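Asks: I'm passing along upload_34.pdb; it holds PDB, C-alpha atoms.
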```pdb
ATOM      1  CA  MET A  79    -101.045-101.793   6.413
ATOM      2  CA  ASP A  80    -100.216-100.170   9.729
ATOM      3  CA  TYR A  81     -97.246 -97.927  10.234
ATOM      4  CA  ILE A  82     -96.019 -97.153  13.727
ATOM      5  CA  GLY A  83     -93.184 -94.707  14.221
ATOM      6  CA  GLY A  84     -92.115 -95.215  10.651
ATOM      7  CA  ALA A  85     -91.584 -98.960  11.081
ATOM      8  CA  ARG A  86     -93.951-101.209   9.265
ATOM      9  CA  MET A  87     -95.998-103.410  11.590
ATOM     10  CA  ARG A  88     -97.174-106.600  10.033
ATOM     11  CA  VAL A  89     -99.185-109.397  11.573
ATOM     12  CA  VAL A  90     -97.160-112.619  11.376
ATOM     13  CA  GLU A  91     -99.398-115.193  12.956
ATOM     14  CA  LEU A  92    -100.538-118.636  11.871
ATOM     15  CA  GLY A  93    -103.959-118.407  10.235
ATOM     16  CA  TYR A  94    -103.836-114.626   9.755
ATOM     17  CA  GLN A  95    -105.867-113.589   6.738
ATOM     18  CA  ILE A  96    -104.062-110.901   4.746
ATOM     19  CA  PRO A  97    -106.579-108.355   3.383
ATOM     20  CA  ALA A  98    -107.684-109.020  -0.187
ATOM     21  CA  GLU A  99    -106.787-106.761  -3.110
ATOM     22  CA  THR A 100    -108.630-106.426  -6.410
ATOM     23  CA  TYR A 101    -106.829-106.078  -9.734
ATOM     24  CA  LYS A 102    -108.438-104.979 -12.998
ATOM     25  CA  ILE A 103    -107.547-106.839 -16.175
ATOM     26  CA  ASN A 104    -108.689-105.690 -19.608
ATOM     27  CA  ARG A 105    -107.560-106.228 -23.207
ATOM     28  CA  ALA A 106    -105.038-103.376 -22.912
ATOM     29  CA  THR A 107    -103.522-105.064 -19.837
ATOM     30  CA  LEU A 108    -103.028-108.236 -21.872
ATOM     31  CA  VAL A 109    -101.257-106.379 -24.691
ATOM     32  CA  GLU A 110     -99.011-104.583 -22.206
ATOM     33  CA  TYR A 111     -98.181-107.838 -20.417
ATOM     34  CA  ALA A 112     -97.552-109.671 -23.727
ATOM     35  CA  ASN A 113     -95.056-106.983 -24.745
ATOM     36  CA  ALA A 114     -93.362-106.771 -21.343
ATOM     37  CA  GLY A 115     -93.320-110.510 -20.680
ATOM     38  CA  GLY A 116     -92.458-111.651 -24.194
ATOM     39  CA  ASP A 117     -95.446-113.984 -24.611
ATOM     40  CA  GLN A 118     -97.277-113.094 -27.821
ATOM     41  CA  ASN A 119     -99.478-116.191 -27.976
ATOM     42  CA  PRO A 120    -102.519-114.880 -29.916
ATOM     43  CA  ILE A 121    -105.062-116.610 -27.633
ATOM     44  CA  HIS A 122    -104.324-113.732 -25.219
ATOM     45  CA  GLN A 123    -105.140-111.010 -27.766
ATOM     46  CA  ASP A 124    -107.132-112.321 -30.715
ATOM     47  CA  GLU A 125    -110.754-113.301 -30.108
ATOM     48  CA  ALA A 126    -111.120-115.278 -33.370
ATOM     49  CA  ILE A 127    -108.020-117.380 -32.646
ATOM     50  CA  ALA A 128    -109.034-117.951 -29.020
ATOM     51  CA  LYS A 129    -112.474-119.183 -30.130
ATOM     52  CA  SER A 130    -110.954-121.346 -32.885
ATOM     53  CA  VAL A 131    -109.123-123.387 -30.230
ATOM     54  CA  GLY A 132    -112.285-123.850 -28.162
ATOM     55  CA  LEU A 133    -111.916-121.030 -25.646
ATOM     56  CA  PRO A 134    -114.975-118.896 -24.814
ATOM     57  CA  ASP A 135    -113.046-115.685 -25.598
ATOM     58  CA  VAL A 136    -109.584-114.158 -25.161
ATOM     59  CA  ILE A 137    -108.003-115.377 -21.928
ATOM     60  CA  ALA A 138    -105.370-113.737 -19.736
ATOM     61  CA  HIS A 139    -101.871-115.218 -19.602
ATOM     62  CA  GLY A 140    -101.675-117.588 -16.641
ATOM     63  CA  MET A 141     -98.360-115.908 -15.966
ATOM     64  CA  LEU A 142    -100.106-112.516 -15.731
ATOM     65  CA  THR A 143    -102.386-113.866 -13.005
ATOM     66  CA  MET A 144     -99.345-115.338 -11.262
ATOM     67  CA  ALA A 145     -97.426-112.053 -11.672
ATOM     68  CA  LEU A 146    -100.295-110.226  -9.949
ATOM     69  CA  ALA A 147    -100.214-112.809  -7.143
ATOM     70  CA  GLY A 148     -96.471-112.114  -6.909
ATOM     71  CA  SER A 149     -97.199-108.412  -6.737
ATOM     72  CA  TYR A 150     -99.761-108.936  -3.968
ATOM     73  CA  VAL A 151     -97.268-110.973  -1.925
ATOM     74  CA  THR A 152     -94.504-108.423  -2.587
ATOM     75  CA  LYS A 153     -96.679-105.632  -1.217
ATOM     76  CA  TRP A 154     -97.209-107.565   2.007
ATOM     77  CA  ALA A 155     -93.562-108.654   2.175
ATOM     78  CA  GLY A 156     -92.348-105.087   1.680
ATOM     79  CA  SER A 157     -89.898-105.987  -1.099
ATOM     80  CA  ALA A 158     -89.545-108.446  -3.969
ATOM     81  CA  ALA A 159     -86.230-109.443  -2.370
ATOM     82  CA  ALA A 160     -88.139-111.009   0.560
ATOM     83  CA  VAL A 161     -90.257-113.252  -1.673
ATOM     84  CA  THR A 162     -88.042-116.299  -2.037
ATOM     85  CA  GLU A 163     -90.524-118.704  -3.569
ATOM     86  CA  ILE A 164     -93.857-118.661  -5.385
ATOM     87  CA  SER A 165     -95.666-121.512  -7.073
ATOM     88  CA  SER A 166     -99.051-122.126  -8.601
ATOM     89  CA  ARG A 167    -101.190-124.334 -10.764
ATOM     90  CA  PHE A 168    -103.266-122.771 -13.509
ATOM     91  CA  THR A 169    -106.645-124.340 -12.879
ATOM     92  CA  LYS A 170    -109.143-122.067 -14.685
ATOM     93  CA  PRO A 171    -108.656-119.410 -17.352
ATOM     94  CA  VAL A 172    -109.390-115.719 -16.706
ATOM     95  CA  VAL A 173    -111.687-114.826 -19.601
ATOM     96  CA  VAL A 174    -111.328-111.206 -20.768
ATOM     97  CA  PRO A 175    -114.153-110.040 -23.071
ATOM     98  CA  ALA A 176    -113.628-106.869 -25.151
ATOM     99  CA  GLY A 177    -114.450-103.565 -23.477
ATOM    100  CA  ILE A 178    -114.671-104.979 -19.967
ATOM    101  CA  ASP A 179    -112.521-104.640 -16.861
ATOM    102  CA  VAL A 180    -112.383-108.110 -15.347
ATOM    103  CA  GLU A 181    -111.813-108.109 -11.595
ATOM    104  CA  LEU A 182    -109.294-110.514 -10.106
ATOM    105  CA  THR A 183    -109.371-110.717  -6.318
ATOM    106  CA  ILE A 184    -106.284-112.008  -4.545
ATOM    107  CA  SER A 185    -105.993-112.868  -0.880
ATOM    108  CA  ALA A 186    -103.740-115.032   1.260
ATOM    109  CA  VAL A 187    -103.570-116.738   4.609
ATOM    110  CA  ILE A 188    -100.459-117.499   6.637
ATOM    111  CA  ASP A 189    -100.263-121.281   6.811
ATOM    112  CA  GLU A 190     -96.734-121.810   8.213
ATOM    113  CA  VAL A 191     -94.546-119.656  10.420
ATOM    114  CA  SER A 192     -90.941-120.100  11.506
ATOM    115  CA  ALA A 193     -88.344-117.702  12.862
ATOM    116  CA  ARG A 194     -86.909-117.246   9.396
ATOM    117  CA  GLN A 195     -89.876-117.268   7.048
ATOM    118  CA  VAL A 196     -93.615-117.567   6.543
ATOM    119  CA  ARG A 197     -95.520-119.557   4.015
ATOM    120  CA  LEU A 198     -98.640-118.053   2.444
ATOM    121  CA  GLU A 199    -101.508-119.873   0.820
ATOM    122  CA  ILE A 200    -102.819-117.637  -1.943
ATOM    123  CA  THR A 201    -106.338-117.502  -3.371
ATOM    124  CA  ALA A 202    -107.036-115.822  -6.723
ATOM    125  CA  GLU A 203    -110.673-115.522  -7.772
ATOM    126  CA  CYS A 204    -112.460-114.160 -10.770
ATOM    127  CA  ALA A 205    -116.271-113.915 -10.610
ATOM    128  CA  GLY A 206    -116.240-116.322  -7.674
ATOM    129  CA  VAL A 207    -114.174-118.939  -9.525
ATOM    130  CA  LYS A 208    -110.721-119.909  -8.252
ATOM    131  CA  VAL A 209    -108.289-119.474 -11.132
ATOM    132  CA  LEU A 210    -105.080-120.586  -9.384
ATOM    133  CA  GLY A 211    -104.656-123.870  -7.542
ATOM    134  CA  MET A 212    -102.185-124.818  -4.805
ATOM    135  CA  ALA A 213    -100.791-121.286  -4.971
ATOM    136  CA  LYS A 214     -98.137-120.700  -2.323
ATOM    137  CA  ALA A 215     -95.407-118.210  -1.572
ATOM    138  CA  THR A 216     -92.538-118.106   0.901
ATOM    139  CA  VAL A 217     -91.597-114.781   2.454
ATOM    140  CA  SER A 218     -88.307-114.349   4.283
ATOM    141  CA  LEU A 219     -88.495-112.542   7.636
ATOM    142  CA  LEU A 220     -84.739-112.010   7.840
TER
ATOM    143  CA  MET B   7     -94.946-137.147 -29.558
ATOM    144  CA  PHE B   8     -92.558-135.989 -26.883
ATOM    145  CA  ASN B   9     -89.389-138.040 -26.553
ATOM    146  CA  PRO B  10     -89.793-139.997 -23.277
ATOM    147  CA  ASP B  11     -86.009-140.498 -23.147
ATOM    148  CA  ALA B  12     -85.467-136.734 -22.907
ATOM    149  CA  VAL B  13     -85.546-136.760 -19.090
ATOM    150  CA  GLY B  14     -82.197-135.468 -17.867
ATOM    151  CA  LYS B  15     -81.363-133.731 -21.120
ATOM    152  CA  SER B  16     -80.002-130.275 -20.604
ATOM    153  CA  ARG B  17     -79.284-127.195 -22.682
ATOM    154  CA  LYS B  18     -77.332-124.104 -21.808
ATOM    155  CA  SER B  19     -78.354-120.937 -23.646
ATOM    156  CA  SER B  20     -75.765-119.848 -26.167
ATOM    157  CA  THR B  21     -76.191-116.165 -25.325
ATOM    158  CA  THR B  22     -76.556-114.254 -22.078
ATOM    159  CA  PHE B  23     -79.573-112.076 -21.372
ATOM    160  CA  LYS B  24     -78.628-108.613 -20.195
ATOM    161  CA  VAL B  25     -81.206-107.258 -17.758
ATOM    162  CA  THR B  26     -82.059-103.620 -18.441
ATOM    163  CA  GLN B  27     -83.870-101.134 -16.237
ATOM    164  CA  GLU B  28     -86.301-100.617 -19.114
ATOM    165  CA  SER B  29     -87.317-104.294 -19.244
ATOM    166  CA  ILE B  30     -87.788-104.405 -15.451
ATOM    167  CA  SER B  31     -89.837-101.192 -15.545
ATOM    168  CA  ASN B  32     -91.975-102.385 -18.467
ATOM    169  CA  PHE B  33     -92.765-105.633 -16.665
ATOM    170  CA  ALA B  34     -93.492-103.821 -13.394
ATOM    171  CA  HIS B  35     -95.806-101.311 -15.078
ATOM    172  CA  ALA B  36     -97.688-104.065 -16.934
ATOM    173  CA  ILE B  37     -98.680-105.550 -13.570
ATOM    174  CA  GLY B  38     -99.287-102.204 -11.848
ATOM    175  CA  GLU B  39     -96.160-102.223  -9.682
ATOM    176  CA  SER B  40     -94.128 -99.162  -8.942
ATOM    177  CA  GLU B  41     -91.101-100.896  -7.396
ATOM    178  CA  VAL B  42     -88.646-100.964 -10.241
ATOM    179  CA  ILE B  43     -85.224-101.588  -8.687
ATOM    180  CA  ASN B  44     -85.754-105.246  -7.784
ATOM    181  CA  SER B  45     -87.248-107.311 -10.586
ATOM    182  CA  PRO B  46     -90.855-108.405  -9.880
ATOM    183  CA  VAL B  47     -90.936-111.992  -8.534
ATOM    184  CA  THR B  48     -92.057-113.610 -11.803
ATOM    185  CA  TYR B  49     -90.094-111.291 -14.120
ATOM    186  CA  SER B  50     -87.545-113.933 -15.108
ATOM    187  CA  ILE B  51     -90.171-115.937 -17.018
ATOM    188  CA  MET B  52     -89.397-113.623 -19.933
ATOM    189  CA  ILE B  53     -85.751-114.744 -19.814
ATOM    190  CA  SER B  54     -86.355-118.490 -19.486
ATOM    191  CA  LEU B  55     -89.172-118.747 -22.024
ATOM    192  CA  GLY B  56     -86.959-118.911 -25.138
ATOM    193  CA  PRO B  57     -84.264-121.301 -23.845
ATOM    194  CA  SER B  58     -86.774-123.725 -22.291
ATOM    195  CA  GLN B  59     -88.916-123.708 -25.448
ATOM    196  CA  THR B  60     -85.871-124.544 -27.575
ATOM    197  CA  LEU B  61     -85.023-127.554 -25.405
ATOM    198  CA  LEU B  62     -88.642-128.786 -25.442
ATOM    199  CA  GLU B  63     -88.933-128.387 -29.223
ATOM    200  CA  GLU B  64     -85.684-130.301 -29.758
ATOM    201  CA  ASN B  65     -87.370-133.158 -27.932
ATOM    202  CA  GLY B  66     -90.557-133.162 -29.952
ATOM    203  CA  LEU B  67     -92.977-131.006 -27.980
ATOM    204  CA  ASP B  68     -96.117-130.196 -29.984
ATOM    205  CA  TRP B  69     -97.059-126.641 -28.962
ATOM    206  CA  THR B  70    -100.504-126.795 -30.570
ATOM    207  CA  ARG B  71    -101.751-129.025 -27.766
ATOM    208  CA  VAL B  72     -99.898-127.545 -24.806
ATOM    209  CA  VAL B  73    -101.378-125.888 -21.740
ATOM    210  CA  HIS B  74     -99.319-124.395 -18.922
ATOM    211  CA  GLY B  75    -100.057-126.653 -15.958
ATOM    212  CA  ASP B  76     -98.006-125.088 -13.219
ATOM    213  CA  GLN B  77     -95.084-122.838 -12.481
ATOM    214  CA  LYS B  78     -92.676-122.348  -9.617
ATOM    215  CA  PHE B  79     -89.985-119.753  -8.917
ATOM    216  CA  GLN B  80     -87.244-120.085  -6.336
ATOM    217  CA  ASN B  81     -85.636-116.671  -6.130
ATOM    218  CA  ASN B  82     -82.360-116.534  -4.258
ATOM    219  CA  ARG B  83     -82.359-112.861  -5.146
ATOM    220  CA  PRO B  84     -84.197-110.478  -7.490
ATOM    221  CA  LEU B  85     -82.518-109.560 -10.773
ATOM    222  CA  HIS B  86     -81.255-106.036 -11.327
ATOM    223  CA  ALA B  87     -80.321-103.860 -14.267
ATOM    224  CA  GLY B  88     -76.888-104.898 -15.486
ATOM    225  CA  ASP B  89     -77.215-108.571 -14.519
ATOM    226  CA  GLU B  90     -76.071-110.881 -17.293
ATOM    227  CA  VAL B  91     -78.115-114.058 -17.052
ATOM    228  CA  THR B  92     -77.290-117.474 -18.470
ATOM    229  CA  CYS B  93     -80.068-120.086 -18.597
ATOM    230  CA  THR B  94     -79.571-123.811 -18.311
ATOM    231  CA  SER B  95     -82.762-125.757 -18.947
ATOM    232  CA  THR B  96     -83.161-129.424 -18.030
ATOM    233  CA  ILE B  97     -86.042-131.801 -18.692
ATOM    234  CA  GLU B  98     -86.732-132.929 -15.151
ATOM    235  CA  SER B  99     -89.646-135.299 -15.584
ATOM    236  CA  TYR B 100     -91.995-136.800 -18.119
ATOM    237  CA  ARG B 101     -95.048-138.969 -17.629
ATOM    238  CA  ALA B 102     -98.067-140.047 -19.608
ATOM    239  CA  VAL B 103    -101.287-139.914 -17.599
ATOM    240  CA  ALA B 104    -104.765-140.696 -18.905
ATOM    241  CA  GLY B 105    -103.848-139.899 -22.501
ATOM    242  CA  ASN B 106    -102.089-136.647 -21.591
ATOM    243  CA  GLU B 107     -98.352-136.104 -21.382
ATOM    244  CA  ILE B 108     -96.901-134.071 -18.517
ATOM    245  CA  VAL B 109     -93.449-132.552 -18.895
ATOM    246  CA  THR B 110     -91.536-130.554 -16.294
ATOM    247  CA  VAL B 111     -88.581-128.425 -17.315
ATOM    248  CA  ARG B 112     -86.296-126.730 -14.793
ATOM    249  CA  THR B 113     -84.334-123.626 -15.714
ATOM    250  CA  ASP B 114     -81.372-122.441 -13.652
ATOM    251  CA  LEU B 115     -80.608-118.744 -14.062
ATOM    252  CA  HIS B 116     -76.988-117.914 -13.304
ATOM    253  CA  CYS B 117     -75.369-114.496 -13.044
ATOM    254  CA  SER B 118     -71.725-115.461 -13.566
ATOM    255  CA  ALA B 119     -71.211-118.321 -11.070
ATOM    256  CA  GLU B 120     -74.098-117.257  -8.809
ATOM    257  CA  LEU B 121     -77.353-119.215  -9.027
ATOM    258  CA  ALA B 122     -79.790-116.291  -8.764
ATOM    259  CA  GLN B 123     -83.090-118.030  -9.546
ATOM    260  CA  VAL B 124     -84.535-121.424 -10.432
ATOM    261  CA  GLN B 125     -87.817-122.030 -12.232
ATOM    262  CA  TRP B 126     -89.926-125.106 -12.827
ATOM    263  CA  THR B 127     -92.460-125.119 -15.646
ATOM    264  CA  THR B 128     -94.917-127.975 -16.037
ATOM    265  CA  LEU B 129     -96.668-128.320 -19.360
ATOM    266  CA  VAL B 130     -99.564-130.604 -20.155
ATOM    267  CA  VAL B 131     -99.776-131.934 -23.702
ATOM    268  CA  ARG B 132    -103.411-132.858 -24.242
ATOM    269  CA  GLY B 133    -103.981-136.194 -25.950
TER
END
```
The structure in this file should be written as structure tokens.

Replies:
Amino acid sequence: MDYIGGARMRVVELGYQIPAETYKINRATLVEYANAGGDQNPIHQDEAIAKSVGLPDVIAHGMLTMALAGSYVTKWAGSAAAVTEISSRFTKPVVVPAGIDVELTISAVIDEVSARQVRLEITAECAGVKVLGMAKATVSLL
Amino acid sequence: MFNPDAVGKSRKSSTTFKVTQESISNFAHAIGESEVINSPVTYSIMISLGPSQTLLEENGLDWTRVVHGDQKFQNNRPLHAGDEVTCTSTIESYRAVAGNEIVTVRTDLHCSAELAQVQWTTLVVRG
């Protein structure tokens, strides 16, 4: 992010690739998110239960991945108040084995620009696999 | 089996959810954010989860076979500490595709008369 004379300069141009950010997710993150977000589904905390329903291991809440995408967009937008829309499909699970920090990399490209707002196409990847599909956000420029 | 005639059915939560600074801060910290005045953009999922689940269960949703297909937030404004939120959930669509059932529920989050946020949750019930 560039700052000039205290005002934040941001590139708002069709096709501009916003720099990627990497987020670490581990088992402790999942417990903290479950408590804060009110989703105590055991497949996000209990390995035995996750495996009993056919998952390879504990998986992150899809809503945690989406929350991190929201956080990424908010950072670029400057405020959560400027993010007027965000949507996503949950295409692949983020598998979180015990004792490991899983890296989630989020990036976005500007795919629509008007005088009032921009539309971002978001990519979220874990070990080279896209975990969100059709992920988009609208940021108000007003 | 989900009730295919549930499309259009609506349910207003019987209680209001009072947004606290603590719940905003807890959510923000869980996702590594430090901005804690405006609620994070997906924060309101924790408010809508209960009311939308109640409506879906009343219409026969079998949670053991459900995966979260997609999610959308339209935020007219962030929520703040002190907001008292009322949820109205509506079954917006239902279809059976290739042995799976796909249900979309919309939840309107009002602060008094103001429509602050709208969410759409699409669930896939695996056949």

Asks: Using all atoms listed in the file for the distances, tell me which of B:Thr92, B:Ser99, B:Asn81, B:Ser16 is nearest to chain A.

Replies: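 Among the listed residues, the smallest separation from chain A belongs to B:Asn81.
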
Asks: Expand the ChimeraX specification (/B :<6) & /A into the explicit residue set it covers here, and present it as a PyMOL selection string.

Replies: chain A and resi 110-111+114-116+145+148+158-159+162-168

Asks: Would you list the contacts of B:Lys18 as an MDAnalysis selection string, taking every protein, DNA or RNA residue within 9 Å and counting all atoms listed in the file, but skipping same-chain residues closer than 3 positions in sequence?

Replies: chainID B and resid 21 57 92:96

Asks: Go ahead and save the picked residues with C-alpha atoms, as an mmCIF file, in the frame of the given file.

Replies:
```cif
data_model
loop_
_atom_site.group_PDB
_atom_site.id
_atom_site.type_symbol
_atom_site.label_atom_id
_atom_site.label_comp_id
_atom_site.auth_asym_id
_atom_site.auth_seq_id
_atom_site.Cartn_x
_atom_site.Cartn_y
_atom_site.Cartn_z
ATOM 1 C CA THR B 21 -76.191 -116.165 -25.325
ATOM 2 C CA PRO B 57 -84.264 -121.301 -23.845
ATOM 3 C CA THR B 92 -77.290 -117.474 -18.470
ATOM 4 C CA CYS B 93 -80.068 -120.086 -18.597
ATOM 5 C CA THR B 94 -79.571 -123.811 -18.311
ATOM 6 C CA SER B 95 -82.762 -125.757 -18.947
ATOM 7 C CA THR B 96 -83.161 -129.424 -18.030
#
```

Asks: Could you tell me how far atom CA of B:Gln27 sits from atom CA of A:His122, in Å to one decimal place?

Replies: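 Going from atom CA of A:His122 over to atom CA of B:Gln27, I get 25.6 Å.
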
Asks: List the residues selected by the PyMOL selection byres ((chain A and resi 184) around 7) in the file shown, writing them as an MDAnalysis selection string.

Replies: chainID A and resid 98:100 147 182:183 185 201:203

Asks: Which distance in Å separates atom CA of A:Leu219 and atom CA of B:His86, to one decimal?

Replies: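 Those two atoms sit 21.3 Å apart.
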
Asks: Might you pull out every residue within 7 Å of A:Ala138, with all atoms listed in the file counted and same-chain residues fewer than 4 positions away left off, and present them as a VMD selection string?

Replies: chain A and resid 108 122 142 171 to 174

Asks: What gap, in Å, lies between atom CA of A:Val136 and atom CA of B:Glu107?

Replies: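 Atom-to-atom, atom CA of A:Val136 to atom CA of B:Glu107, that is 24.9 Å.
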
Asks: Just want the 12 Å neighbourhood of B:Glu64, counted on all atoms listed in the file, with same-chain residues fewer than 6 positions away dropped. Output as a ChimeraX atom specification.

Replies: /B:7-9,12,15-17,57-58,97

Asks: Nearest to B:Val111: which of B:Trp69, B:Phe23, B:Gln59, B:Glu98 is it, counting all atoms listed in the file?

Replies: B:Glu98

Asks: Give me the result of the PyMOL selection byres ((chain A and resi 151) around 10) on this file, residue by residue, as a ChimeraX atom specification.

Replies: /A:96,145-150,152-158,160-161,164,184-186,198,200,214-217 /B:47

Asks: Any idea what's packed within 10 Å of A:Thr169, counting only C-alpha atoms, ignoring anything in its chain fewer than 5 positions away? Could you give it as a list in words?

Replies: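 Returned residues: Gly140, Val207, Lys208, Val209, Leu210, Gly211 and Met212 of chain A; His74, Gly75 and Asp76 of chain B.
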
Asks: Using C-alpha atoms, can you write the selected residues to a file as a short mmCIF file (atom, residue, chain, number, x, y, z; two decimals), in the frame of the given file?

Replies:
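Saved the output as selection_11.cif:
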```cif
data_model
loop_
_atom_site.label_atom_id
_atom_site.label_comp_id
_atom_site.auth_asym_id
_atom_site.auth_seq_id
_atom_site.Cartn_x
_atom_site.Cartn_y
_atom_site.Cartn_z
CA GLY A 140 -101.68 -117.59 -16.64
CA VAL A 207 -114.17 -118.94 -9.52
CA LYS A 208 -110.72 -119.91 -8.25
CA VAL A 209 -108.29 -119.47 -11.13
CA LEU A 210 -105.08 -120.59 -9.38
CA GLY A 211 -104.66 -123.87 -7.54
CA MET A 212 -102.18 -124.82 -4.80
CA HIS B 74 -99.32 -124.40 -18.92
CA GLY B 75 -100.06 -126.65 -15.96
CA ASP B 76 -98.01 -125.09 -13.22
#
```

Asks: Return the padded bounding box of stretch 118-126 of chain B as JSON: axis-aligned, built from all atoms listed in the file, 5 Å added on each side, with centre and edge lengths in Å to one decimal.

Replies:
```
{"center_x": -80.6, "center_y": -120.3, "center_z": -11.2, "size_x": 28.7, "size_y": 19.6, "size_z": 14.8}
```

Asks: Restricting the calculation to all atoms listed in the file, which member of B:Arg132, B:Lys24, B:His116, B:Arg101 is positioned closest to B:Ala87?

Replies: B:Lys24

Asks: Excluding B:Ile108 and any residue of its chain fewer than 3 positions from it, enumerate the residues within 6 Å of it, using only C-alpha atoms, and give them as a ChimeraX atom specification.

Replies: /B:100-101,129-130

Asks: Could you rebuild stretch 173-179 of chain A with all heavy atoms and give it back as a compact mmCIF listing (two decimals), in the frame of the given file?

Replies:
```txt
# COMPACT_ATOMS: atom_id res chain seq x y z
N VAL A 173 -111.14 -115.24 -18.31
CA VAL A 173 -111.69 -114.83 -19.60
C VAL A 173 -111.84 -113.30 -19.62
O VAL A 173 -112.37 -112.72 -18.68
CB VAL A 173 -113.05 -115.52 -19.86
CG1 VAL A 173 -113.64 -115.09 -21.20
CG2 VAL A 173 -112.88 -117.04 -19.82
N VAL A 174 -111.32 -112.68 -20.69
CA VAL A 174 -111.33 -111.21 -20.77
C VAL A 174 -112.07 -110.75 -22.03
O VAL A 174 -111.47 -110.60 -23.10
CB VAL A 174 -109.87 -110.65 -20.77
CG1 VAL A 174 -109.87 -109.12 -20.74
CG2 VAL A 174 -109.08 -111.20 -19.58
N PRO A 175 -113.39 -110.52 -21.90
CA PRO A 175 -114.15 -110.04 -23.07
C PRO A 175 -113.74 -108.60 -23.44
O PRO A 175 -113.24 -107.87 -22.58
CB PRO A 175 -115.61 -110.07 -22.59
CG PRO A 175 -115.60 -110.88 -21.33
CD PRO A 175 -114.24 -110.71 -20.73
N ALA A 176 -113.98 -108.22 -24.69
CA ALA A 176 -113.63 -106.87 -25.15
C ALA A 176 -114.41 -105.82 -24.38
O ALA A 176 -115.58 -106.02 -24.04
CB ALA A 176 -113.91 -106.74 -26.65
N GLY A 177 -113.76 -104.71 -24.07
CA GLY A 177 -114.45 -103.56 -23.48
C GLY A 177 -114.84 -103.71 -22.02
O GLY A 177 -115.62 -102.93 -21.50
N ILE A 178 -114.28 -104.73 -21.36
CA ILE A 178 -114.67 -104.98 -19.97
C ILE A 178 -113.43 -105.04 -19.07
O ILE A 178 -112.41 -105.59 -19.47
CB ILE A 178 -115.48 -106.30 -19.87
CG1 ILE A 178 -116.85 -106.10 -20.52
CG2 ILE A 178 -115.63 -106.79 -18.43
CD1 ILE A 178 -117.78 -107.27 -20.42
N ASP A 179 -113.55 -104.45 -17.88
CA ASP A 179 -112.52 -104.64 -16.86
C ASP A 179 -112.91 -105.85 -16.03
O ASP A 179 -113.90 -105.83 -15.32
CB ASP A 179 -112.45 -103.42 -15.92
CG ASP A 179 -111.76 -102.23 -16.57
OD1 ASP A 179 -110.99 -102.43 -17.53
OD2 ASP A 179 -112.00 -101.10 -16.10
```
